[in-house]
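Here is the structure we will look at, set down as structure tokens.
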Amino acid sequence: MGTITTFRDLDVYKKLCELHLDVCKLTMSFPKFELYELGSQIRRSSNSIPANVAEGWNNRHINIYLECINRAIGELQETEHHLYIAYRKEYLSEEKYENYSERYSECGKMLNGLYSSIQRSKKTRHLIPET
């Protein structure tokens with residue numbers, strides 16, 4: 001892994017952006033009456049996940065970054081729900097649904113790892129005496 005200097009360098013951010021773009025293409029194949037109902041919900045929640053990662057990046061208050069990661073995890077779960085409903089409505093095949101589900105699951109694990117890493121760094125910062 002290279003040096004991380006911006007949120008765009010985070011693997012999870014890159015994966016979430018790709019997922020969002022894929023989900024946007026998927027929703028455009030939904031029935032016309034769902035483009036601005038379920039399709040819009042999926043597009044907005046899937047975009048909100050990497051947006052929250054970006055929003056919290058390099059914030060001077062670690063608790064705010066943790067809250068942004070937490071919101072991203074919530075949006076990820078919302079997106080998974082919407083995709084499940086789309087699958088149940090037969091707007092995507094079981095194979096496609098499973099693919100999206102696995103990819104979002106992987107990103108969820110990555111977000112949880114990022115959250116844990118930030119928490120650990122927060123604890124160690126308190127142990128270092130200020131000069």
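Every chain in the structure tokens takes a letter, A first, then B, and so on in the order presented; its residues are numbered from 1, and the ligands are numbered from 1 following the presented order.
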Considering only C-alpha atoms, return as an mmCIF file with N, CA and C atoms, in the first residue's frame whatever protein or nucleic-acid residues lie within 7 Å of range 55-70 of chain A, sequence-local ones (same chain, fewer than 6 positions apart) excluded.
data_model
loop_
_atom_site.group_PDB
_atom_site.id
_atom_site.type_symbol
_atom_site.label_atom_id
_atom_site.label_comp_id
_atom_site.auth_asym_id
_atom_site.auth_seq_id
_atom_site.Cartn_x
_atom_site.Cartn_y
_atom_site.Cartn_z
ATOM 1 N N PHE A 7 -8.245 11.215 1.110
ATOM 2 C CA PHE A 7 -9.256 10.163 1.184
ATOM 3 C C PHE A 7 -9.310 9.351 -0.109
ATOM 4 N N LEU A 111 -14.654 -0.626 6.347
ATOM 5 C CA LEU A 111 -15.053 0.548 7.123
ATOM 6 C C LEU A 111 -14.931 0.279 8.621
ATOM 7 N N TYR A 115 -12.598 2.311 11.173
ATOM 8 C CA TYR A 115 -13.136 2.842 12.422
ATOM 9 C C TYR A 115 -12.263 2.404 13.607
ATOM 10 N N LYS A 122 -6.630 7.270 18.278
ATOM 11 C CA LYS A 122 -7.160 8.254 19.228
ATOM 12 C C LYS A 122 -6.656 7.942 20.639
#
Need to verify the contact set: Thr27 in chain A, 10 Å, only C-alpha atoms, exclusion of same-chain residues closer than 2 positions in sequence. Can you return it as a list in words?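 In the requested format, the answer is Asp22, Val23, Cys24, Lys25, Ser29, Phe30, Pro31, Lys32, Glu34, Leu35, Tyr36, Leu38, Gly39, Ser40, Gln41, Ile42, Arg43, Leu83, Ala86, Tyr91 and Leu92 of chain A.
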Please, what distance in Å, to one decimal, runs between CA of Lys15 in chain A and CA of Glu37 in chain A?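 CA of Glu37 in chain A lies at a distance of 25.0 Å from CA of Lys15 in chain A.
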Using only C-alpha atoms for the distances, tell me which of A:Ile118, A:Met110, A:Ala54, A:Leu76 is nearest to Arg8 in chain A. A:Ala54
When DSSP works through the backbone of this structure, what residues of chain A end up as helix (DSSP H, G or I), shown as a PyMOL selection string? chain A and resi 7-9+11-27+32-34+38-56+62-88+94-127
Point out the residue among A:Val53, A:Ile73, A:Ile85, A:Leu10 with the least atom-to-atom distance to Lys109 in chain A, counting only C-alpha atoms. A:Ile73
I'd like to know which of A:His81, A:Arg120, A:Val12, A:Thr6 is closest to Glu106 in chain A, using only C-alpha atoms.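 For Glu106 in chain A, the nearest of the candidates is A:Val12.
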Pick from A:Thr124, A:Thr3, A:Ser48, A:Asn112, whichever lies nearest to Glu78 in chain A using only C-alpha atoms: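 Looking at the shortest contact to Glu78 in chain A, the residue is A:Ser48.
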State, in Å with one decimal place, the distance from CA of Ser45 in chain A to CA of Tyr87 in chain A.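 Taking CA of Ser45 in chain A as the start and CA of Tyr87 in chain A as the end point, the length is 16.6 Å.
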Atom-to-atom span, CA of Met28 in chain A and CA of Asp9 in chain A, Å: 28.8 Å
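Near Cys107 in chain A, within 12 Å and counting only C-alpha atoms, sit Leu10, Asp11, Val12, Tyr13, Lys14, Lys15, Leu16, Cys17, Glu18, Leu19, His20, Ser46, Ile49, Pro50, Val53, Ile69, Ala72, Ile73, Glu75, Leu76, Gln77, Glu80, Tyr100, Ser101, Gly113 and Leu114 of chain A, not including residues fewer than 6 positions from it in the same chain.
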